[in-house]
Structures are given as structure tokens and as C-alpha cells.
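Asker: Structure supplied as data27.txt; contents: compact mmCIF, all heavy atoms.
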```
# COMPACT_ATOMS: atom_id res chain seq x y z
N MET A 1 5.63 12.22 13.36
CA MET A 1 5.41 13.23 12.35
C MET A 1 6.04 14.52 12.87
O MET A 1 5.80 14.91 14.00
CB MET A 1 3.91 13.37 12.11
CG MET A 1 3.56 14.38 11.09
SD MET A 1 1.85 14.30 10.50
CE MET A 1 0.91 14.08 11.96
N HIS A 2 6.81 15.16 12.06
CA HIS A 2 7.51 16.37 12.48
C HIS A 2 7.14 17.54 11.58
O HIS A 2 7.80 17.81 10.59
CB HIS A 2 9.02 16.14 12.42
CG HIS A 2 9.49 15.07 13.34
ND1 HIS A 2 9.29 13.74 13.08
CD2 HIS A 2 10.11 15.14 14.53
CE1 HIS A 2 9.80 13.04 14.07
NE2 HIS A 2 10.30 13.85 14.95
N ILE A 3 6.04 18.20 11.93
CA ILE A 3 5.66 19.41 11.20
C ILE A 3 5.31 20.47 12.23
O ILE A 3 4.83 20.15 13.32
CB ILE A 3 4.47 19.18 10.24
CG1 ILE A 3 3.21 18.75 11.00
CG2 ILE A 3 4.81 18.19 9.16
CD1 ILE A 3 1.97 18.72 10.15
N PRO A 4 5.58 21.71 11.92
CA PRO A 4 5.24 22.78 12.87
C PRO A 4 3.73 22.93 13.01
O PRO A 4 2.96 22.61 12.08
CB PRO A 4 5.86 24.03 12.25
CG PRO A 4 6.21 23.68 10.86
CD PRO A 4 6.24 22.19 10.72
N PRO A 5 3.26 23.37 14.17
CA PRO A 5 1.82 23.53 14.39
C PRO A 5 1.13 24.39 13.33
O PRO A 5 0.02 24.10 12.92
CB PRO A 5 1.74 24.19 15.76
CG PRO A 5 2.98 23.76 16.45
CD PRO A 5 4.02 23.67 15.37
N SER A 6 1.81 25.43 12.86
CA SER A 6 1.19 26.29 11.85
C SER A 6 0.91 25.52 10.56
O SER A 6 -0.13 25.71 9.93
CB SER A 6 2.07 27.51 11.57
OG SER A 6 3.33 27.09 11.10
N GLU A 7 1.82 24.65 10.17
CA GLU A 7 1.61 23.85 8.97
C GLU A 7 0.52 22.81 9.20
O GLU A 7 -0.29 22.53 8.32
CB GLU A 7 2.91 23.16 8.55
CG GLU A 7 2.82 22.49 7.21
CD GLU A 7 4.15 21.93 6.74
OE1 GLU A 7 5.20 22.45 7.13
OE2 GLU A 7 4.11 20.96 5.97
N TYR A 8 0.50 22.23 10.38
CA TYR A 8 -0.53 21.26 10.73
C TYR A 8 -1.92 21.89 10.62
O TYR A 8 -2.84 21.29 10.07
CB TYR A 8 -0.30 20.74 12.15
CG TYR A 8 -1.38 19.83 12.66
CD1 TYR A 8 -1.37 18.48 12.36
CD2 TYR A 8 -2.43 20.32 13.44
CE1 TYR A 8 -2.37 17.63 12.82
CE2 TYR A 8 -3.43 19.48 13.90
CZ TYR A 8 -3.39 18.14 13.60
OH TYR A 8 -4.38 17.32 14.05
N GLU A 9 -2.05 23.09 11.13
CA GLU A 9 -3.35 23.78 11.11
C GLU A 9 -3.82 24.09 9.69
O GLU A 9 -5.02 24.21 9.45
CB GLU A 9 -3.27 25.07 11.93
CG GLU A 9 -3.06 24.85 13.41
CD GLU A 9 -4.23 24.15 14.07
OE1 GLU A 9 -5.37 24.35 13.63
OE2 GLU A 9 -4.00 23.38 15.02
N GLU A 10 -2.90 24.21 8.75
CA GLU A 10 -3.25 24.54 7.36
C GLU A 10 -3.71 23.32 6.57
O GLU A 10 -4.30 23.47 5.49
CB GLU A 10 -2.06 25.17 6.65
CG GLU A 10 -1.68 26.53 7.21
CD GLU A 10 -0.40 27.07 6.59
OE1 GLU A 10 0.17 26.43 5.68
OE2 GLU A 10 0.04 28.15 7.03
N GLN A 11 -3.45 22.12 7.08
CA GLN A 11 -3.77 20.90 6.34
C GLN A 11 -5.25 20.55 6.47
O GLN A 11 -5.87 20.83 7.48
CB GLN A 11 -2.93 19.73 6.87
CG GLN A 11 -1.44 19.95 6.75
CD GLN A 11 -1.01 20.23 5.33
OE1 GLN A 11 -1.42 19.55 4.40
NE2 GLN A 11 -0.18 21.24 5.17
N PRO A 12 -5.82 19.89 5.45
CA PRO A 12 -7.21 19.45 5.54
C PRO A 12 -7.37 18.42 6.67
O PRO A 12 -6.55 17.52 6.82
CB PRO A 12 -7.50 18.79 4.19
CG PRO A 12 -6.38 19.18 3.30
CD PRO A 12 -5.22 19.57 4.16
N TYR A 13 -8.42 18.57 7.44
CA TYR A 13 -8.66 17.70 8.60
C TYR A 13 -8.69 16.22 8.19
O TYR A 13 -8.06 15.37 8.83
CB TYR A 13 -9.98 18.09 9.27
CG TYR A 13 -10.38 17.16 10.38
CD1 TYR A 13 -9.80 17.28 11.64
CD2 TYR A 13 -11.33 16.16 10.16
CE1 TYR A 13 -10.17 16.42 12.66
CE2 TYR A 13 -11.69 15.30 11.18
CZ TYR A 13 -11.11 15.43 12.43
OH TYR A 13 -11.46 14.58 13.44
N GLU A 14 -9.41 15.89 7.12
CA GLU A 14 -9.56 14.50 6.71
C GLU A 14 -8.21 13.88 6.36
O GLU A 14 -7.95 12.73 6.70
CB GLU A 14 -10.51 14.38 5.50
CG GLU A 14 -11.96 14.73 5.83
CD GLU A 14 -12.23 16.22 5.81
OE1 GLU A 14 -11.36 17.01 5.38
OE2 GLU A 14 -13.34 16.59 6.23
N ARG A 15 -7.37 14.64 5.67
CA ARG A 15 -6.05 14.13 5.30
C ARG A 15 -5.19 13.89 6.53
O ARG A 15 -4.50 12.89 6.62
CB ARG A 15 -5.36 15.11 4.34
CG ARG A 15 -3.96 14.71 3.96
CD ARG A 15 -3.93 13.43 3.14
NE ARG A 15 -2.57 13.12 2.79
CZ ARG A 15 -2.07 11.90 2.78
NH1 ARG A 15 -2.81 10.86 3.05
NH2 ARG A 15 -0.82 11.70 2.47
N MET A 16 -5.24 14.80 7.49
CA MET A 16 -4.43 14.64 8.70
C MET A 16 -4.91 13.41 9.49
O MET A 16 -4.10 12.66 10.02
CB MET A 16 -4.49 15.88 9.57
CG MET A 16 -3.75 17.07 8.97
SD MET A 16 -2.05 16.74 8.44
CE MET A 16 -1.28 16.33 9.99
N MET A 17 -6.20 13.16 9.55
CA MET A 17 -6.71 11.99 10.26
C MET A 17 -6.30 10.70 9.54
O MET A 17 -5.96 9.70 10.17
CB MET A 17 -8.24 12.05 10.38
CG MET A 17 -8.72 13.13 11.32
SD MET A 17 -8.13 12.93 13.01
CE MET A 17 -6.80 14.12 13.09
N GLU A 18 -6.26 10.76 8.21
CA GLU A 18 -5.81 9.61 7.43
C GLU A 18 -4.34 9.31 7.73
O GLU A 18 -3.95 8.16 7.95
CB GLU A 18 -6.00 9.90 5.94
CG GLU A 18 -5.58 8.77 5.03
CD GLU A 18 -5.76 9.13 3.57
OE1 GLU A 18 -6.49 10.08 3.24
OE2 GLU A 18 -5.14 8.44 2.74
N VAL A 19 -3.52 10.34 7.76
CA VAL A 19 -2.09 10.18 8.03
C VAL A 19 -1.87 9.68 9.45
O VAL A 19 -1.10 8.75 9.69
CB VAL A 19 -1.33 11.52 7.80
CG1 VAL A 19 0.09 11.44 8.33
CG2 VAL A 19 -1.35 11.87 6.32
N LEU A 20 -2.56 10.27 10.41
CA LEU A 20 -2.37 9.89 11.80
C LEU A 20 -2.87 8.47 12.10
O LEU A 20 -2.38 7.81 13.01
CB LEU A 20 -3.06 10.90 12.72
CG LEU A 20 -2.43 12.29 12.72
CD1 LEU A 20 -3.30 13.26 13.51
CD2 LEU A 20 -1.02 12.26 13.28
N ALA A 21 -3.84 7.99 11.33
CA ALA A 21 -4.40 6.66 11.55
C ALA A 21 -3.71 5.59 10.70
O ALA A 21 -4.08 4.42 10.77
CB ALA A 21 -5.89 6.67 11.24
N ALA A 22 -2.72 5.97 9.93
CA ALA A 22 -2.06 5.02 9.03
C ALA A 22 -1.41 3.89 9.82
O ALA A 22 -0.87 4.09 10.90
CB ALA A 22 -1.01 5.74 8.20
N GLU A 23 -1.48 2.70 9.26
CA GLU A 23 -0.86 1.54 9.87
C GLU A 23 0.59 1.45 9.43
O GLU A 23 0.97 1.95 8.38
CB GLU A 23 -1.59 0.27 9.46
CG GLU A 23 -3.02 0.22 9.95
CD GLU A 23 -3.72 -1.06 9.53
OE1 GLU A 23 -3.10 -1.92 8.89
OE2 GLU A 23 -4.91 -1.17 9.85
N SER A 24 1.40 0.77 10.22
CA SER A 24 2.80 0.57 9.84
C SER A 24 2.84 -0.31 8.59
O SER A 24 1.89 -1.04 8.28
CB SER A 24 3.58 -0.10 10.97
OG SER A 24 3.16 -1.44 11.12
N ARG A 25 3.92 -0.25 7.86
CA ARG A 25 4.04 -1.01 6.61
C ARG A 25 3.83 -2.51 6.85
O ARG A 25 3.21 -3.19 6.03
CB ARG A 25 5.41 -0.76 5.97
CG ARG A 25 5.56 -1.49 4.65
CD ARG A 25 6.75 -1.04 3.84
NE ARG A 25 6.64 0.29 3.31
CZ ARG A 25 5.94 0.64 2.24
NH1 ARG A 25 5.23 -0.26 1.60
NH2 ARG A 25 5.93 1.87 1.80
N ASP A 26 4.29 -3.02 7.97
CA ASP A 26 4.13 -4.45 8.25
C ASP A 26 2.68 -4.84 8.50
O ASP A 26 2.31 -5.99 8.32
CB ASP A 26 4.97 -4.85 9.46
CG ASP A 26 6.47 -4.73 9.18
OD1 ASP A 26 6.87 -4.78 8.00
OD2 ASP A 26 7.23 -4.58 10.15
N ASP A 27 1.85 -3.91 8.93
CA ASP A 27 0.45 -4.20 9.24
C ASP A 27 -0.50 -3.94 8.07
O ASP A 27 -1.68 -4.26 8.17
CB ASP A 27 -0.01 -3.36 10.43
CG ASP A 27 0.70 -3.75 11.71
OD1 ASP A 27 1.15 -4.92 11.79
OD2 ASP A 27 0.80 -2.92 12.61
N ARG A 28 0.01 -3.40 6.98
CA ARG A 28 -0.84 -3.12 5.83
C ARG A 28 -1.10 -4.39 5.03
O ARG A 28 -0.27 -5.29 4.99
CB ARG A 28 -0.16 -2.10 4.91
CG ARG A 28 0.03 -0.76 5.54
CD ARG A 28 0.72 0.17 4.57
NE ARG A 28 1.26 1.30 5.29
CZ ARG A 28 2.19 2.11 4.82
NH1 ARG A 28 2.67 1.93 3.61
NH2 ARG A 28 2.63 3.10 5.55
N PRO A 29 -2.24 -4.46 4.35
CA PRO A 29 -2.47 -5.63 3.48
C PRO A 29 -1.50 -5.61 2.31
O PRO A 29 -1.04 -4.55 1.88
CB PRO A 29 -3.90 -5.44 3.00
CG PRO A 29 -4.38 -4.14 3.49
CD PRO A 29 -3.35 -3.55 4.39
N MET A 30 -1.20 -6.79 1.79
CA MET A 30 -0.29 -6.90 0.64
C MET A 30 -1.02 -6.53 -0.64
O MET A 30 -2.21 -6.81 -0.78
CB MET A 30 0.20 -8.33 0.49
CG MET A 30 1.25 -8.76 1.45
SD MET A 30 1.87 -10.38 0.94
CE MET A 30 1.64 -11.27 2.45
N SER A 31 -0.28 -5.95 -1.58
CA SER A 31 -0.83 -5.73 -2.91
C SER A 31 -0.79 -7.08 -3.65
O SER A 31 -0.18 -8.04 -3.18
CB SER A 31 0.01 -4.70 -3.67
OG SER A 31 1.27 -5.25 -4.00
N GLY A 32 -1.42 -7.12 -4.79
CA GLY A 32 -1.39 -8.34 -5.59
C GLY A 32 0.02 -8.76 -5.97
O GLY A 32 0.38 -9.93 -5.90
N HIS A 33 0.82 -7.79 -6.36
CA HIS A 33 2.21 -8.08 -6.74
C HIS A 33 3.02 -8.57 -5.55
O HIS A 33 3.83 -9.49 -5.67
CB HIS A 33 2.87 -6.85 -7.36
CG HIS A 33 2.35 -6.54 -8.73
ND1 HIS A 33 2.73 -7.24 -9.85
CD2 HIS A 33 1.48 -5.61 -9.16
CE1 HIS A 33 2.10 -6.76 -10.91
NE2 HIS A 33 1.33 -5.77 -10.51
N GLU A 34 2.80 -7.95 -4.38
CA GLU A 34 3.52 -8.39 -3.17
C GLU A 34 3.12 -9.82 -2.79
O GLU A 34 3.97 -10.62 -2.40
CB GLU A 34 3.23 -7.44 -2.01
CG GLU A 34 3.86 -6.08 -2.17
CD GLU A 34 3.37 -5.08 -1.14
OE1 GLU A 34 2.23 -5.21 -0.65
OE2 GLU A 34 4.13 -4.16 -0.84
N TYR A 35 1.82 -10.13 -2.93
CA TYR A 35 1.36 -11.48 -2.61
C TYR A 35 2.00 -12.51 -3.52
O TYR A 35 2.47 -13.56 -3.07
CB TYR A 35 -0.16 -11.56 -2.70
CG TYR A 35 -0.68 -12.95 -2.45
CD1 TYR A 35 -0.75 -13.45 -1.15
CD2 TYR A 35 -1.08 -13.77 -3.49
CE1 TYR A 35 -1.20 -14.74 -0.91
CE2 TYR A 35 -1.53 -15.06 -3.26
CZ TYR A 35 -1.59 -15.54 -1.97
OH TYR A 35 -2.03 -16.81 -1.74
N LEU A 36 2.01 -12.22 -4.82
CA LEU A 36 2.61 -13.16 -5.77
C LEU A 36 4.09 -13.37 -5.47
O LEU A 36 4.59 -14.49 -5.50
CB LEU A 36 2.42 -12.67 -7.20
CG LEU A 36 0.98 -12.70 -7.73
CD1 LEU A 36 0.92 -12.07 -9.11
CD2 LEU A 36 0.43 -14.11 -7.73
N ALA A 37 4.80 -12.29 -5.16
CA ALA A 37 6.22 -12.40 -4.83
C ALA A 37 6.40 -13.21 -3.54
O ALA A 37 7.31 -14.03 -3.44
CB ALA A 37 6.84 -11.01 -4.68
N HIS A 38 5.53 -12.99 -2.57
CA HIS A 38 5.60 -13.71 -1.30
C HIS A 38 5.39 -15.21 -1.52
O HIS A 38 5.98 -16.04 -0.84
CB HIS A 38 4.55 -13.15 -0.33
CG HIS A 38 4.55 -13.81 1.00
ND1 HIS A 38 5.54 -13.61 1.92
CD2 HIS A 38 3.66 -14.66 1.56
CE1 HIS A 38 5.27 -14.32 3.00
NE2 HIS A 38 4.14 -14.96 2.81
N GLN A 39 4.52 -15.57 -2.48
CA GLN A 39 4.23 -16.97 -2.79
C GLN A 39 5.19 -17.54 -3.84
O GLN A 39 5.02 -18.67 -4.28
CB GLN A 39 2.79 -17.09 -3.30
CG GLN A 39 1.75 -16.71 -2.27
CD GLN A 39 1.74 -17.63 -1.07
OE1 GLN A 39 1.97 -18.82 -1.18
NE2 GLN A 39 1.50 -17.06 0.09
N ASN A 40 6.20 -16.76 -4.23
CA ASN A 40 7.18 -17.16 -5.25
C ASN A 40 6.52 -17.54 -6.57
O ASN A 40 6.86 -18.54 -7.20
CB ASN A 40 8.06 -18.31 -4.74
CG ASN A 40 8.91 -17.90 -3.58
OD1 ASN A 40 9.43 -16.78 -3.55
ND2 ASN A 40 9.05 -18.78 -2.60
N ILE A 41 5.54 -16.73 -6.96
CA ILE A 41 4.84 -16.95 -8.23
C ILE A 41 5.32 -15.91 -9.23
O ILE A 41 5.27 -14.72 -8.97
CB ILE A 41 3.31 -16.83 -8.03
CG1 ILE A 41 2.82 -17.90 -7.07
CG2 ILE A 41 2.59 -16.89 -9.38
CD1 ILE A 41 1.37 -17.74 -6.67
N ASP A 42 5.82 -16.38 -10.37
CA ASP A 42 6.26 -15.49 -11.44
C ASP A 42 5.03 -15.06 -12.22
O ASP A 42 4.34 -15.90 -12.82
CB ASP A 42 7.25 -16.21 -12.34
CG ASP A 42 7.80 -15.31 -13.43
OD1 ASP A 42 7.03 -14.56 -14.07
OD2 ASP A 42 9.02 -15.35 -13.65
N ILE A 43 4.72 -13.78 -12.23
CA ILE A 43 3.49 -13.29 -12.86
C ILE A 43 3.48 -13.56 -14.36
O ILE A 43 2.44 -13.90 -14.93
CB ILE A 43 3.26 -11.80 -12.55
CG1 ILE A 43 1.82 -11.41 -12.93
CG2 ILE A 43 4.26 -10.91 -13.24
CD1 ILE A 43 1.37 -10.11 -12.35
N ASP A 44 4.61 -13.44 -15.02
CA ASP A 44 4.65 -13.70 -16.46
C ASP A 44 4.37 -15.18 -16.75
O ASP A 44 3.63 -15.51 -17.68
CB ASP A 44 6.00 -13.30 -17.05
CG ASP A 44 6.22 -11.79 -17.00
OD1 ASP A 44 5.22 -11.05 -17.14
OD2 ASP A 44 7.37 -11.37 -16.81
N GLU A 45 4.95 -16.06 -15.94
CA GLU A 45 4.71 -17.49 -16.11
C GLU A 45 3.24 -17.83 -15.82
O GLU A 45 2.62 -18.61 -16.55
CB GLU A 45 5.61 -18.29 -15.17
CG GLU A 45 5.49 -19.79 -15.32
CD GLU A 45 6.42 -20.54 -14.40
OE1 GLU A 45 7.51 -20.02 -14.08
OE2 GLU A 45 6.04 -21.65 -14.00
N ALA A 46 2.67 -17.23 -14.80
CA ALA A 46 1.27 -17.46 -14.47
C ALA A 46 0.37 -16.99 -15.61
O ALA A 46 -0.60 -17.67 -15.96
CB ALA A 46 0.91 -16.75 -13.17
N ASN A 47 0.67 -15.84 -16.18
CA ASN A 47 -0.12 -15.33 -17.31
C ASN A 47 -0.03 -16.26 -18.51
O ASN A 47 -1.04 -16.50 -19.19
CB ASN A 47 0.34 -13.92 -17.69
CG ASN A 47 -0.19 -12.87 -16.74
OD1 ASN A 47 -1.22 -13.05 -16.11
ND2 ASN A 47 0.54 -11.77 -16.63
N GLN A 48 1.15 -16.80 -18.78
CA GLN A 48 1.32 -17.73 -19.90
C GLN A 48 0.50 -18.99 -19.67
O GLN A 48 -0.14 -19.49 -20.60
CB GLN A 48 2.80 -18.07 -20.09
CG GLN A 48 3.64 -16.94 -20.61
CD GLN A 48 3.18 -16.49 -22.00
OE1 GLN A 48 2.72 -17.28 -22.81
NE2 GLN A 48 3.31 -15.20 -22.25
N GLN A 49 0.49 -19.49 -18.44
CA GLN A 49 -0.30 -20.68 -18.14
C GLN A 49 -1.79 -20.42 -18.30
O GLN A 49 -2.53 -21.27 -18.79
CB GLN A 49 0.01 -21.17 -16.72
CG GLN A 49 1.39 -21.76 -16.56
CD GLN A 49 1.71 -22.14 -15.13
OE1 GLN A 49 0.89 -21.98 -14.23
NE2 GLN A 49 2.93 -22.64 -14.92
N LEU A 50 -2.24 -19.24 -17.89
CA LEU A 50 -3.66 -18.88 -18.06
C LEU A 50 -4.02 -18.80 -19.53
O LEU A 50 -5.10 -19.27 -19.95
CB LEU A 50 -3.97 -17.57 -17.36
CG LEU A 50 -4.06 -17.63 -15.85
CD1 LEU A 50 -4.19 -16.22 -15.27
CD2 LEU A 50 -5.25 -18.47 -15.42
N LYS A 51 -3.15 -18.18 -20.33
CA LYS A 51 -3.42 -18.07 -21.76
C LYS A 51 -3.47 -19.45 -22.42
O LYS A 51 -4.29 -19.70 -23.30
CB LYS A 51 -2.37 -17.21 -22.43
CG LYS A 51 -2.51 -15.74 -22.11
CD LYS A 51 -1.42 -14.93 -22.78
CE LYS A 51 -1.52 -13.46 -22.37
NZ LYS A 51 -0.43 -12.66 -22.94
N ALA A 52 -2.59 -20.36 -21.98
CA ALA A 52 -2.55 -21.70 -22.55
C ALA A 52 -3.83 -22.47 -22.22
O ALA A 52 -4.28 -23.30 -23.01
CB ALA A 52 -1.33 -22.45 -22.02
N LYS A 53 -4.42 -22.17 -21.06
CA LYS A 53 -5.66 -22.85 -20.65
C LYS A 53 -6.89 -22.15 -21.20
O LYS A 53 -8.01 -22.58 -20.97
CB LYS A 53 -5.75 -22.89 -19.13
CG LYS A 53 -4.72 -23.81 -18.50
CD LYS A 53 -4.89 -23.83 -16.99
CE LYS A 53 -3.87 -24.75 -16.38
NZ LYS A 53 -4.00 -24.83 -14.91
N GLY A 54 -6.70 -21.04 -21.91
CA GLY A 54 -7.82 -20.32 -22.49
C GLY A 54 -8.45 -19.33 -21.53
O GLY A 54 -9.57 -18.90 -21.73
N GLY A 55 -7.73 -18.94 -20.48
CA GLY A 55 -8.30 -18.01 -19.50
C GLY A 55 -7.92 -16.59 -19.71
O GLY A 55 -7.31 -16.11 -20.55
```
Go ahead and express the file in the form of C-alpha cells.

Answerer:
Amino acid sequence: MHIPPSEYEEQPYERMMEVLAAESRDDRPMSGHEYLAHQNIDIDEANQQLKAKGG
């Protein structure tokens, strides 16, 4: 993180702790869309199948 100390001091403490504790992108949990893409599931096709089954 590259911010001057004066700007750091002006930021809310909770937000700075959130930023400093953030995990790398590879370590974050996947979103629903990312999971479906990872599993090669087409969301539109899945929705059509659910509708056909009455879900």
C-alpha cells in the first residue's frame, strides 16, 4: 500500500484494518458466478432446466 502517513492518519481505523487484513485474490472465496464458471456450468442453461423441473 502506497499512501503518505498523513493520508493514512485521516482514514477510519476500521477501514484501514479491513484493507490491511485483506486476503490475496487467490485466497478469497469464489462468488456464485465464479463457482459456476469454474464448474463449466452455463447459468442460463441451468435456469432453464430448473424452470422445466418446476423449480

Asker: Quick one: distance from CD1 of Leu36 in chain A to CA of Gly54 in chain A in Å, one decimal?

Answerer: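 Value for the CD1 of Leu36 in chain A-CA of Gly54 in chain A distance: 18.0 Å.
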
Asker: List the spatial neighbours of range 28-33 of chain A as a PDB file with all heavy atoms, keeping the file's coordinate frame - criterion: any atom at most 4.5 Å away, all atoms listed in the file, same-chain residues fewer than 5 positions off excluded.

Answerer:
```pdb
ATOM      1  N   GLU A  23      -1.480   2.700   9.260  1.00  0.00           N
ATOM      2  CA  GLU A  23      -0.860   1.540   9.870  1.00  0.00           C
ATOM      3  C   GLU A  23       0.590   1.450   9.430  1.00  0.00           C
ATOM      4  O   GLU A  23       0.970   1.950   8.380  1.00  0.00           O
ATOM      5  CB  GLU A  23      -1.590   0.270   9.460  1.00  0.00           C
ATOM      6  CG  GLU A  23      -3.020   0.220   9.950  1.00  0.00           C
ATOM      7  CD  GLU A  23      -3.720  -1.060   9.530  1.00  0.00           C
ATOM      8  OE1 GLU A  23      -3.100  -1.920   8.890  1.00  0.00           O
ATOM      9  OE2 GLU A  23      -4.910  -1.170   9.850  1.00  0.00           O
ATOM     10  N   HIS A  38       5.530 -12.990  -2.570  1.00  0.00           N
ATOM     11  CA  HIS A  38       5.600 -13.710  -1.300  1.00  0.00           C
ATOM     12  C   HIS A  38       5.390 -15.210  -1.520  1.00  0.00           C
ATOM     13  O   HIS A  38       5.980 -16.040  -0.840  1.00  0.00           O
ATOM     14  CB  HIS A  38       4.550 -13.150  -0.330  1.00  0.00           C
ATOM     15  CG  HIS A  38       4.550 -13.810   1.000  1.00  0.00           C
ATOM     16  ND1 HIS A  38       5.540 -13.610   1.920  1.00  0.00           N
ATOM     17  CD2 HIS A  38       3.660 -14.660   1.560  1.00  0.00           C
ATOM     18  CE1 HIS A  38       5.270 -14.320   3.000  1.00  0.00           C
ATOM     19  NE2 HIS A  38       4.140 -14.960   2.810  1.00  0.00           N
ATOM     20  N   ILE A  43       4.720 -13.780 -12.230  1.00  0.00           N
ATOM     21  CA  ILE A  43       3.490 -13.290 -12.860  1.00  0.00           C
ATOM     22  C   ILE A  43       3.480 -13.560 -14.360  1.00  0.00           C
ATOM     23  O   ILE A  43       2.440 -13.900 -14.930  1.00  0.00           O
ATOM     24  CB  ILE A  43       3.260 -11.800 -12.550  1.00  0.00           C
ATOM     25  CG1 ILE A  43       1.820 -11.410 -12.930  1.00  0.00           C
ATOM     26  CG2 ILE A  43       4.260 -10.910 -13.240  1.00  0.00           C
ATOM     27  CD1 ILE A  43       1.370 -10.110 -12.350  1.00  0.00           C
TER      28      ILE A  43
END
```

Asker: State, in Å with one decimal place, the distance from CA of Ala21 in chain A to CA of Glu9 in chain A.

Answerer: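 CA of Ala21 in chain A sits 17.2 Å away from CA of Glu9 in chain A.
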
Asker: Could you name the residues that touch Met16 in chain A at 4.5 Å or less, counting all atoms listed in the file, but leaving out those on the same chain fewer than 4 positions away, as number ranges by chain?

Answerer: A: 1, 3, 8, 11-12, 20

Asker: Interatomic distance between NH2 of Arg25 in chain A and atom C of His2 in chain A?

Answerer: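 Atom-to-atom, NH2 of Arg25 in chain A and atom C of His2 in chain A are spaced 18.5 Å apart.
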
Asker: Could you put an axis-aligned box around every listed atom of range 32-50 of chain A, padded by 6 Å on each side, and send me its centre and edge lengths in Å to one decimal, as lines of an AutoDock Vina configuration file?

Answerer:
```
center_x = 2.1
center_y = -13.4
center_z = -9.9
size_x = 26.7
size_y = 30.5
size_z = 37.8
```
